[in-house]
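J.: Following this message is one structure expressed as structure tokens.
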Amino acid sequence: MSTSEKASREVTVTNETGLHARPASQFVQKAAHHKADIHVIKDNRHINAKSIMGILSGGIAQGSKITIEAEGPDAQEAVDELVDLIENGFDDE
Amino acid sequence: MIWEELNESLIMNHLDAKDSSDVFEKIGGTLIREGYAKDDYVDALIEREKDFPTGLDIGGIGIAIPHTSVDHVLKHGIAIANLKHPVQFIQMGMDDEPVDAQLVFMMAVTDPGKHVDQLQRLVDIIQDRDVLSRLLEADNQNEIISIIKDKEETL
């Protein structure tokens with residue numbers, strides 16, 4: 001039996017370019033620091049949050065509603081951190 | 001710009017592949033032979049594709065963008081093939097929704113952070129259905145390079 005932690009939260013992307021180039025890169029790097037499996041769910045599509053190509057191809061624009069879902073030892077922390085990144089904007093914007 | 005870095009030896013026109021594994025072996029094998037990827041690249045592609053499929057349906061045109069973690073890559077490069085017969089891939093982010101891929105963009109990425117602009121540009125290119133339909137018809141390497149060049153000049 002797995003006792004693995006699960007967490008998820010919905011968030012609306014507010015920064016102007018969405019998860020384009022640099023924001024996508026920052027997002028993926030933050031996701032990659034966590035042990036948990038992390039997915040971004042958009043329109044029923046489960047995108048691997050640690051894959052730059054997945055995120056770039058996800059068409060996540062300003063105004064997109066996405067759900068961040070994680071499963072693994074640091075799932076809650078991962079979701080909180082990524083939601084915070086999206087809500088509070090990205091460093092270089 | 002992507003087109004400036006395209007290498008004719010990594011472009012395959014009307015590639016005859018029977019399934020996705022065959023696609024990985026033929027295109028991935030070329031990346032290994034040309035010094036872009038390590039010997040375990042093809043196995044790594046196949047494994048990763050099982051966990052994270054890379055098929056996409058762009059307005060009815062099926063494509064696939066297979067790639068691996070940087071551990072299996074030696075040098076940054078992009079291989080492009082249009083396929084003689086469509087080959088079934090699973091759509092990105094879906095459990096088992098198939099798509100018949102007719103175009104494959106296989107990436108050897110050494111540092112996703114460093115190449116993020118180029119990857120974004122590739123995504124912009126592959127999201128343009130007209131570009132894809134021209135790439136499908138391309139009969140030689142130069143044609144593929146010039147279609148991508150034309151598109152990049154509009155970005």
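By order of appearance in the structure tokens: chains A, B, ..., then residues from 1 within every chain, and ligands from 1 in the order shown.
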Got a sec: who's within 10 Å of segment 75-90 of chain A, counting only C-alpha atoms, leaving out chain neighbours fewer than 5 positions off, as a VMD selection string?
T.: chain A and resid 4 to 16 18 to 19 22 to 24 26 to 28 30 to 39 49 66 to 70
J.: At a cut-off of 10 Å, can you tabulate as CSV every residue of chain A near chain B together with its closest atom pair and the distance in Å to one decimal, using only C-alpha atoms and ordering rows by chain then number?
T.:
```
residue,atom,partner,partner_atom,distance
A:His20,CA,B:Gln120,CA,7.1
A:Ala21,CA,B:Gln120,CA,5.6
A:Arg22,CA,B:Val116,CA,7.0
A:Pro23,CA,B:Val116,CA,9.9
A:Ala24,CA,B:Val116,CA,8.4
A:Ser25,CA,B:Gly113,CA,6.0
A:Gln26,CA,B:Gly113,CA,8.4
A:Val28,CA,B:Gly113,CA,9.2
A:Gln29,CA,B:Gly113,CA,8.3
A:His39,CA,B:Gly93,CA,9.0
A:Val40,CA,B:Gly93,CA,9.2
A:Ile41,CA,B:Gly93,CA,8.5
A:Lys42,CA,B:Gly93,CA,9.4
A:Asn44,CA,B:Met94,CA,8.2
A:Arg45,CA,B:Gly93,CA,4.9
A:His46,CA,B:Gly93,CA,4.2
A:Ile47,CA,B:Gly93,CA,4.9
A:Asn48,CA,B:Phe52,CA,7.2
A:Ser51,CA,B:Phe52,CA,9.1
A:Ile52,CA,B:Pro112,CA,6.9
A:Met53,CA,B:Leu119,CA,7.1
A:Gly54,CA,B:Met92,CA,7.5
A:Ile55,CA,B:Gln120,CA,9.9
A:Leu56,CA,B:Gln120,CA,6.4
A:Ser57,CA,B:Val123,CA,6.1
A:Gly58,CA,B:Met92,CA,9.1
A:Gly59,CA,B:Val123,CA,9.4
```
J.: If you count only C-alpha atoms, which residues fall within 6 Å of Asn13 of chain B, apart from same-chain ones fewer than 5 positions away, as a VMD selection string?
T.: chain B and resid 81 to 82 139 to 140
J.: Next, dump the selected residues to file, keeping only N, CA, C and O atoms, as an mmCIF file, in the first residue's frame.
T.:
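So the final result, stored in selection_39.cif, reads:
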```cif
data_model
loop_
_atom_site.group_PDB
_atom_site.id
_atom_site.type_symbol
_atom_site.label_atom_id
_atom_site.label_comp_id
_atom_site.auth_asym_id
_atom_site.auth_seq_id
_atom_site.Cartn_x
_atom_site.Cartn_y
_atom_site.Cartn_z
ATOM 1 N N ALA B 81 11.430 14.373 -39.757
ATOM 2 C CA ALA B 81 11.070 13.407 -40.796
ATOM 3 C C ALA B 81 9.603 13.558 -41.158
ATOM 4 O O ALA B 81 8.762 13.744 -40.282
ATOM 5 N N ASN B 82 9.313 13.495 -42.470
ATOM 6 C CA ASN B 82 7.924 13.258 -42.842
ATOM 7 C C ASN B 82 7.826 11.782 -43.214
ATOM 8 O O ASN B 82 8.747 11.205 -43.774
ATOM 9 N N ASP B 139 9.741 17.084 -50.478
ATOM 10 C CA ASP B 139 10.400 15.914 -51.054
ATOM 11 C C ASP B 139 11.895 15.857 -50.784
ATOM 12 O O ASP B 139 12.546 14.869 -51.102
ATOM 13 N N ASN B 140 12.451 16.947 -50.276
ATOM 14 C CA ASN B 140 13.887 16.882 -49.974
ATOM 15 C C ASN B 140 14.240 17.772 -48.790
ATOM 16 O O ASN B 140 13.408 18.552 -48.308
#
```
J.: Pick out the residues sitting within 10 Å of segment 25-27 of chain B, and hand them over as a ChimeraX atom specification; count only C-alpha atoms, and ignore anything fewer than 5 positions along from it in its own chain.
T.: /B:10-12,15-17,20,32-33,41-43,45-46,79-81,104-106
J.: Could you state the separation of atom CA of Ser146 of chain B and atom CA of Val99 of chain B in Å, given to one decimal place?
T.: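 Distance between the two atoms: 26.7 Å.
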J.: Enumerate as a ChimeraX atom specification all residues of chain A assigned to helix (DSSP H, G or I) by DSSP on the backbone, naming them with the chain letters and numbers the document uses.
T.: /A:21-32,52-57,75-87
J.: Which residues are close to segment 86-90 of chain B, i.e. within 6 Å by only C-alpha atoms, leaving aside same-chain residues fewer than 3 positions away? Reply as a PyMOL selection string.
T.: chain B and resi 19+53+55+96-102
J.: Keeping only C-alpha atoms, write the selected residues as a PDB file, in the first residue's frame.
T.:
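Final output, saved to part_10.pdb:
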```pdb
ATOM      1  CA  ASP B  19       5.482   1.680 -36.019  1.00  0.00           C
ATOM      2  CA  PRO B  53       3.643  10.249 -24.907  1.00  0.00           C
ATOM      3  CA  GLY B  55       1.871  12.751 -30.114  1.00  0.00           C
ATOM      4  CA  ASP B  96      -4.397   6.142 -24.559  1.00  0.00           C
ATOM      5  CA  GLU B  97      -5.812   8.519 -27.129  1.00  0.00           C
ATOM      6  CA  PRO B  98      -4.044   7.627 -30.378  1.00  0.00           C
ATOM      7  CA  VAL B  99      -2.999   9.954 -33.174  1.00  0.00           C
ATOM      8  CA  ASP B 100      -1.622   8.962 -36.568  1.00  0.00           C
ATOM      9  CA  ALA B 101       1.628  10.859 -36.824  1.00  0.00           C
ATOM     10  CA  GLN B 102       2.789  11.934 -40.250  1.00  0.00           C
TER      11      GLN B 102
END
```
J.: Among the residues of chain A, find those DSSP assigns to strand (DSSP E or B) from the backbone and print them as a PDB file with N, CA, C and O atoms, in the first residue's frame.
T.:
```
ATOM      1  N   LYS A   6      -1.019  13.296  -1.793  1.00  0.00           N
ATOM      2  CA  LYS A   6      -1.577  13.862  -3.029  1.00  0.00           C
ATOM      3  C   LYS A   6      -2.067  15.275  -2.755  1.00  0.00           C
ATOM      4  O   LYS A   6      -2.592  15.546  -1.682  1.00  0.00           O
ATOM      5  N   ALA A   7      -1.915  16.128  -3.727  1.00  0.00           N
ATOM      6  CA  ALA A   7      -2.410  17.489  -3.557  1.00  0.00           C
ATOM      7  C   ALA A   7      -2.776  18.040  -4.925  1.00  0.00           C
ATOM      8  O   ALA A   7      -2.221  17.623  -5.937  1.00  0.00           O
ATOM      9  N   SER A   8      -3.737  18.972  -4.937  1.00  0.00           N
ATOM     10  CA  SER A   8      -4.021  19.648  -6.201  1.00  0.00           C
ATOM     11  C   SER A   8      -4.721  20.977  -5.920  1.00  0.00           C
ATOM     12  O   SER A   8      -5.346  21.166  -4.880  1.00  0.00           O
ATOM     13  N   ARG A   9      -4.563  21.898  -6.842  1.00  0.00           N
ATOM     14  CA  ARG A   9      -5.213  23.194  -6.712  1.00  0.00           C
ATOM     15  C   ARG A   9      -5.396  23.824  -8.096  1.00  0.00           C
ATOM     16  O   ARG A   9      -4.545  23.676  -8.972  1.00  0.00           O
ATOM     17  N   GLU A  10      -6.518  24.546  -8.228  1.00  0.00           N
ATOM     18  CA  GLU A  10      -6.762  25.229  -9.504  1.00  0.00           C
ATOM     19  C   GLU A  10      -6.208  26.651  -9.431  1.00  0.00           C
ATOM     20  O   GLU A  10      -6.265  27.281  -8.376  1.00  0.00           O
ATOM     21  N   VAL A  11      -5.685  27.121 -10.519  1.00  0.00           N
ATOM     22  CA  VAL A  11      -5.129  28.470 -10.544  1.00  0.00           C
ATOM     23  C   VAL A  11      -5.343  29.065 -11.944  1.00  0.00           C
ATOM     24  O   VAL A  11      -5.383  28.336 -12.934  1.00  0.00           O
ATOM     25  N   THR A  12      -5.522  30.373 -11.972  1.00  0.00           N
ATOM     26  CA  THR A  12      -5.662  31.050 -13.269  1.00  0.00           C
ATOM     27  C   THR A  12      -4.348  31.747 -13.599  1.00  0.00           C
ATOM     28  O   THR A  12      -3.777  32.444 -12.761  1.00  0.00           O
ATOM     29  N   ASP A  37       5.534  13.390  -8.444  1.00  0.00           N
ATOM     30  CA  ASP A  37       5.104  13.483  -9.840  1.00  0.00           C
ATOM     31  C   ASP A  37       4.134  14.644  -9.917  1.00  0.00           C
ATOM     32  O   ASP A  37       3.181  14.705  -9.142  1.00  0.00           O
ATOM     33  N   ILE A  38       4.385  15.554 -10.844  1.00  0.00           N
ATOM     34  CA  ILE A  38       3.536  16.747 -10.910  1.00  0.00           C
ATOM     35  C   ILE A  38       2.953  16.873 -12.314  1.00  0.00           C
ATOM     36  O   ILE A  38       3.671  16.714 -13.307  1.00  0.00           O
ATOM     37  N   HIS A  39       1.665  17.133 -12.352  1.00  0.00           N
ATOM     38  CA  HIS A  39       1.009  17.350 -13.644  1.00  0.00           C
ATOM     39  C   HIS A  39       0.277  18.684 -13.659  1.00  0.00           C
ATOM     40  O   HIS A  39      -0.217  19.145 -12.635  1.00  0.00           O
ATOM     41  N   VAL A  40       0.246  19.260 -14.835  1.00  0.00           N
ATOM     42  CA  VAL A  40      -0.599  20.419 -15.068  1.00  0.00           C
ATOM     43  C   VAL A  40      -1.779  19.903 -15.879  1.00  0.00           C
ATOM     44  O   VAL A  40      -1.592  19.261 -16.904  1.00  0.00           O
ATOM     45  N   ILE A  41      -2.978  20.154 -15.390  1.00  0.00           N
ATOM     46  CA  ILE A  41      -4.153  19.663 -16.108  1.00  0.00           C
ATOM     47  C   ILE A  41      -4.851  20.844 -16.764  1.00  0.00           C
ATOM     48  O   ILE A  41      -5.226  21.813 -16.110  1.00  0.00           O
ATOM     49  N   LYS A  42      -4.943  20.769 -18.072  1.00  0.00           N
ATOM     50  CA  LYS A  42      -5.632  21.816 -18.819  1.00  0.00           C
ATOM     51  C   LYS A  42      -6.534  21.132 -19.833  1.00  0.00           C
ATOM     52  O   LYS A  42      -6.056  20.301 -20.619  1.00  0.00           O
ATOM     53  N   ARG A  45      -6.248  17.471 -20.274  1.00  0.00           N
ATOM     54  CA  ARG A  45      -4.967  16.973 -20.719  1.00  0.00           C
ATOM     55  C   ARG A  45      -4.005  17.018 -19.537  1.00  0.00           C
ATOM     56  O   ARG A  45      -3.873  18.049 -18.887  1.00  0.00           O
ATOM     57  N   HIS A  46      -3.353  15.925 -19.248  1.00  0.00           N
ATOM     58  CA  HIS A  46      -2.409  15.866 -18.135  1.00  0.00           C
ATOM     59  C   HIS A  46      -0.993  16.050 -18.658  1.00  0.00           C
ATOM     60  O   HIS A  46      -0.441  15.155 -19.281  1.00  0.00           O
ATOM     61  N   ILE A  47      -0.448  17.218 -18.394  1.00  0.00           N
ATOM     62  CA  ILE A  47       0.881  17.526 -18.925  1.00  0.00           C
ATOM     63  C   ILE A  47       1.920  17.333 -17.819  1.00  0.00           C
ATOM     64  O   ILE A  47       1.724  17.788 -16.693  1.00  0.00           O
ATOM     65  N   ASN A  48       2.998  16.676 -18.145  1.00  0.00           N
ATOM     66  CA  ASN A  48       4.088  16.488 -17.188  1.00  0.00           C
ATOM     67  C   ASN A  48       4.722  17.840 -16.861  1.00  0.00           C
ATOM     68  O   ASN A  48       5.307  18.488 -17.718  1.00  0.00           O
ATOM     69  N   LYS A  65      -7.251  28.569 -17.154  1.00  0.00           N
ATOM     70  CA  LYS A  65      -7.452  27.948 -15.846  1.00  0.00           C
ATOM     71  C   LYS A  65      -6.782  26.585 -15.893  1.00  0.00           C
ATOM     72  O   LYS A  65      -7.111  25.767 -16.735  1.00  0.00           O
ATOM     73  N   ILE A  66      -5.866  26.372 -14.978  1.00  0.00           N
ATOM     74  CA  ILE A  66      -5.182  25.078 -14.958  1.00  0.00           C
ATOM     75  C   ILE A  66      -5.244  24.503 -13.548  1.00  0.00           C
ATOM     76  O   ILE A  66      -5.459  25.229 -12.573  1.00  0.00           O
ATOM     77  N   THR A  67      -5.099  23.204 -13.459  1.00  0.00           N
ATOM     78  CA  THR A  67      -5.002  22.567 -12.153  1.00  0.00           C
ATOM     79  C   THR A  67      -3.607  21.971 -12.029  1.00  0.00           C
ATOM     80  O   THR A  67      -3.113  21.339 -12.967  1.00  0.00           O
ATOM     81  N   ILE A  68      -2.977  22.224 -10.893  1.00  0.00           N
ATOM     82  CA  ILE A  68      -1.684  21.610 -10.644  1.00  0.00           C
ATOM     83  C   ILE A  68      -1.916  20.475  -9.668  1.00  0.00           C
ATOM     84  O   ILE A  68      -2.538  20.650  -8.620  1.00  0.00           O
ATOM     85  N   GLU A  69      -1.465  19.309 -10.048  1.00  0.00           N
ATOM     86  CA  GLU A  69      -1.736  18.109  -9.268  1.00  0.00           C
ATOM     87  C   GLU A  69      -0.420  17.396  -9.015  1.00  0.00           C
ATOM     88  O   GLU A  69       0.388  17.243  -9.934  1.00  0.00           O
ATOM     89  N   ALA A  70      -0.202  16.993  -7.777  1.00  0.00           N
ATOM     90  CA  ALA A  70       1.058  16.320  -7.469  1.00  0.00           C
ATOM     91  C   ALA A  70       0.809  15.084  -6.632  1.00  0.00           C
ATOM     92  O   ALA A  70      -0.169  15.014  -5.877  1.00  0.00           O
ATOM     93  N   GLU A  71       1.680  14.123  -6.773  1.00  0.00           N
ATOM     94  CA  GLU A  71       1.595  12.903  -5.985  1.00  0.00           C
ATOM     95  C   GLU A  71       3.005  12.455  -5.638  1.00  0.00           C
ATOM     96  O   GLU A  71       3.834  12.268  -6.516  1.00  0.00           O
TER      97      GLU A  71
END
```
J.: For atom CA of Ile145 of chain B and atom CA of Leu6 of chain B, quote the distance in Å rounded to one decimal.
T.: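 Straight-line distance from atom CA of Ile145 of chain B to atom CA of Leu6 of chain B works out to 7.0 Å.
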J.: Distance atom CA of Gly63 of chain A-atom CA of Arg129 of chain B, one decimal place?
T.: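 Pair atom CA of Gly63 of chain A / atom CA of Arg129 of chain B returns 23.8 Å.
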J.: Just checking: using only C-alpha atoms, which residue out of B:Thr154, B:Thr110, B:Ser133, B:Thr30 ends up closest to Asp71 of chain B?
T.: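 Counting only C-alpha atoms, the residue closest to Asp71 of chain B is B:Thr110.
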